[in-house]
Amino acid sequence: MNMMKGKKSTAAARKRNPAAKNSIMGKSDILIVLAILGGIIFVAINSRLHFYSKTSALSRESQKIQREISVLEREIVYFSTQRESLTSWPHIRKKIMQFKLPLRLPSPAQTYKMTLNYKNNGLDRTEMFAHQTADNTQNGSPFRSELRHVNQ
Amino acid sequence: MLTNNDAVKTRIYLVVIFLTGVFIYVALKLYNVQITRHEELYKEAQAQYTAKRTKTGKRGEIRDIDGNLLIGNIPVTRIIADPCNVESKIDAQRLATLLSWDFGLNYGECYKDLLNKTRMKKISDGREVEVKRRYTLLVREVEFQEAEKFRKKLELNNIPGVTFEHSYKRYYPKKQLLANVLGFIGWRGIEPFSAGTTQPETVREVYEVDRSGLKLHYGSGHQETARDGEHIYLTVSEPIQSIVEEELDKVMEKWKPKSAYVVMADPRTGNIMAIAQRPTFNPNQRVEMDDDSWRLKAIEDSFEPGSVMKPMVVAGALDSGVVTPQTTFDCENGLWIYRNRSMRDTHPAQMVSVADIIKHSSNIGTAKIGLALGEKRLDHILRSFGIGQRTGIPIKPETRGQYSSLKRWDGLSITRFPIGYGVAVSPVQMLRAYCALADGGNLRRLRLIDRVEDSATGNVAKALFEPPIQIYRNPAVANQIVSLMVRVTEEGGTATRAAIEGYDVAGKTGTSRKWLAAEKKYAYNKSFATFAGFVPAHDPAFALVIVVDEPVGSIYGGTVAAPAFREIATRTLKFLDVKPKMATVSEVSATAQVSAPITNTPPARRSPAVTRKREQAPATTKPANSGSGGKKFIPLDESYYQRNYRQNPGSR
């Protein structure tokens with residue numbers, strides 16, 4: 001096949017047709033435009049991929065945190081139920097007996113209470129004061145008073 | 001044209017035609033995929049990236065009146081393996097080893113189970129085909145901490161193929177406290193009764209997942225939060241319940257009875273403060289209990305109450321004007337024959353006043369009061385106190401007891417019913433009647449549920465108080481009968497062992513022999529020993545009934561039940577901070593003893609230094625038969641009872 005012949009005829013054809021030279025310049029423009037478009041599309045696709053991968057990573061992270069929250073919630077329920085069990089009177093009594101703690105409650109006659117109702121910043125407040133004798137020994141001042149201030 | 005060369009032109013044409021063909025093909029393909037098969041492919045894709053699951057909230061909790069937890073939920077986990085994902089024999093060995101160490105499972109069985117990757121499945125045409133085995137339950141209901149430890153071991157050892165299914169199970173943190181009342185789902189008690197209220201919501205969640213199965217937060221989908229069930233607050237107080245159960249255990253240890261019951265209520269509201277029985281069970285360990293200990297006998301079973309019935313009859317007789325506290329009756333020196341049947345008194349006497357009939361618990365005196373009342377009035381009085389009726393407690397089944405209608409009475413009924421024989425009541429029926437005696441004749445329905453709380457919004461719906469029914473027409477009767485009952489616990493009475501220093505205790509002992517159905521006679525050495533009372537007598541903090549079934553060593557209520565009443569009441573009064581009647585500082589310094597060690601009384605919880613404000617129940621209704629509404633006492637004639645009985649035949 002005589003390729004040189006084809007080339008010469010193409011070059012000769014260009015010489016004969018000056019408009020062909022302009023069309024070569026037009027092709028460069030098109031190429032540039034196509035290159036720019038291609039570049040934009042490339043950047044867009046890559047950005048989208050980048051954002052998707054970030055979103056997926058964040059999603060996995062949030063899933064992990066949600067799992068941890070779920071575990072913590074279950075842990076809270078578990079411990080609050082255990083707390084109820086440990087603060088029940090039979091359990092406390094068992095420990096008092098076990099450690100032989102010399103604890104006593106006052107008899108009703110040894111305890112006095114006063115309730116004060118008032119408004120503070122527009123809100124109703126109640127304060128209770130409990131006065132309790134710690135012991136009923138009879139030496140001099142028989143009562144050691146202990147003022148307890150209980151807010152409600 | 002760039003060229004006139006035919007060869008090049010041809011090639012260009014060919015390339016253009018080829019590219020056009022490709023373009024057309026692609027376009028047609030796209031049309032086929034995007035338009036023609038859109039629905040089909042969209043659903044297929046959706047099935048791949050959409051997951052569904054159901055979520056259930058937590059069942060509502062049951063708490064006491066102050067918010068102490070009685071029934072809650074604890075997190076549990078099911079450990080599941082996917083045998084197809086247990087890749088190698090070594091992984092199966094390691095997993096089986098961990099399971100046998102941590103949960104006591106059989107190593108060999110676990111190993112075999114994990115290696116079994118297929119199963120046979122019957123398909124629609126009846127053939128059996130081999131399919132992959134993707135699910136095997138290894139351990140069920142593992143507690144939270146154990147499950148977390150196991151999960152961490154799996155992560156450390158990098159063992160695949162195991163998943164955890166989380167859920168909650170019911171848990172009773174106070175173990176056997178109030179067990180018979182609380183019950184459990186599938187049986188009886190508050191738990192099944194309130195199942196509709198505590199039932200959580202189940203929702204279906206649809207969400208998008210990525211390639212690895214993780215949920216996409218930005219995806220579309222239908223997501224809802226499953227609402228938890230509502231919380232129920234009972235009228236029972238946990239510390240008081242603890243006191244009652246502790247003392248009941250002491251009674252069981254000392255008298256070795258077949259069973260025993262204690263019920264306590266606030267007379268002004270009808271709130272049940274404690275209800276306990278033995279035998280009982282631990283609801284967390286239900287495999288160990290026997291059927292008999294499951295039942296709430298304090299509500300389901302009835303017994304012949306004996307002398308604890310007497311105050312009601314005397315109160316009715318005082319109210320009707322038939323007797324006064326000073327009216328005397330001939331007690332026949334302790335032996336009386338009526339209609340060929342004998343009746344005996346433990347303390348023989350001749351002429352005894354109504355006041356002393358109660359104090360010394362004279363059967364003959366009470367029977368004669370019954371005769372003075374007449375059948376119709378006696379029947380009306382007993383029904384007015386709730387005998388033969390349910391109490392209003394929401395737990396089923398509740399017995400009405402045994403109480404014959406008037407037309408079925410025989411000639412002896414009028415003498416036997418007033419002394420508590422021939423009629424059967426449950427402990428809660430007796431409690432309700434004593435609440436009426438304590439609260440000036442106001443008969444109330446007993447309450448067990450105080451309020452319901454919405455776990456999501458915090459809104460609280462309080463259970464309503466029903467207005468009470470006034471039994472007495474004469475308001476003076478209230479104080480009169482209470483004063484007579486106080487004498488029972490004073491020196492010379494039958495219940496001196498129920499007396500509490502510093503407080504007036506009003507009550508009545510009861511000793512009723514058990515009926516042997518096979519032999520058709522009453523047992524000599526088997527009885528119910530009962531004490532019912534309230535304290536402080538004229539401003540009662542609570543009414544309390546103790547019933548001991550077949551105590552060994554003594555059969556008498558005054559010996560068996562009265563001391564238990566004293567112990568429970570003393571500790572409860574201390575807990576409620578009810579002052580003794582003469583409590584002043586100087587008197588305390590002179591006479592107070594060091595209070596008993598704390599082992600006897602639980603600390604108040606959640607309301608530490610507060611005497612709970614007494615709830616105000618609605619004011620009493622006017623007496624149904626008040627007529628003009630005046631408070632003057634008017635002696636009634638027989639026609640009144642005929643009218644009233646016909647209008648209200650046991651309707652209270």
# chains A, B, ... in the order shown; residues from 1 in each chain; ligands from 1

$ closest_atom_pairs --of "segment 227-246 of chain B" --to "segment 567-571 of chain B" --cutoff "9 Å" --atoms "only C-alpha atoms" --output "Markdown table"
| residue | atom | partner | partner_atom | distance |
| --- | --- | --- | --- | --- |
| B:Ile240 | CA | B:Arg571 | CA | 8.5 |
| B:Ile243 | CA | B:Ile568 | CA | 6.5 |
| B:Val244 | CA | B:Ile568 | CA | 6.0 |
| B:Glu246 | CA | B:Ile568 | CA | 8.9 |

$ residues_around --residues "Tyr522 of chain B" --least-positions-apart "3" --cutoff "12 Å" --atoms "only C-alpha atoms" --output "list of chain:residue names"
B:Glu304, B:Tyr421, B:Gly422, B:Ser512, B:Arg513, B:Lys514, B:Trp515, B:Leu516, B:Ala517, B:Ala518, B:Glu519, B:Asn525, B:Lys526, B:Ser527, B:Phe528

$ select_by_dssp --residues "segment 233-468 of chain B" --states "alpha helix (DSSP H)" --output "VMD selection string"
chain B and resid 238 to 255 291 to 294 297 to 300 310 to 320 354 to 359 363 to 373 375 to 384 413 to 416 427 to 438

$ residues_around --residues "Glu238 of chain B" --least-positions-apart "2" --cutoff "10 Å" --atoms "only C-alpha atoms" --output "NGL selection string"
(:A and (88-89)) or (:B and (63-70 or 174 or 177-178 or 234-236 or 240-244 or 273-274 or 602 or 604-605))

$ atom_distance --atom1 "atom CA of Pro325 of chain B" --atom2 "atom CA of Gly493 of chain B"
15.9 Å

$ atom_distance --atom1 "atom CA of Thr118 of chain B" --atom2 "atom CA of Arg134 of chain B"
8.2 Å
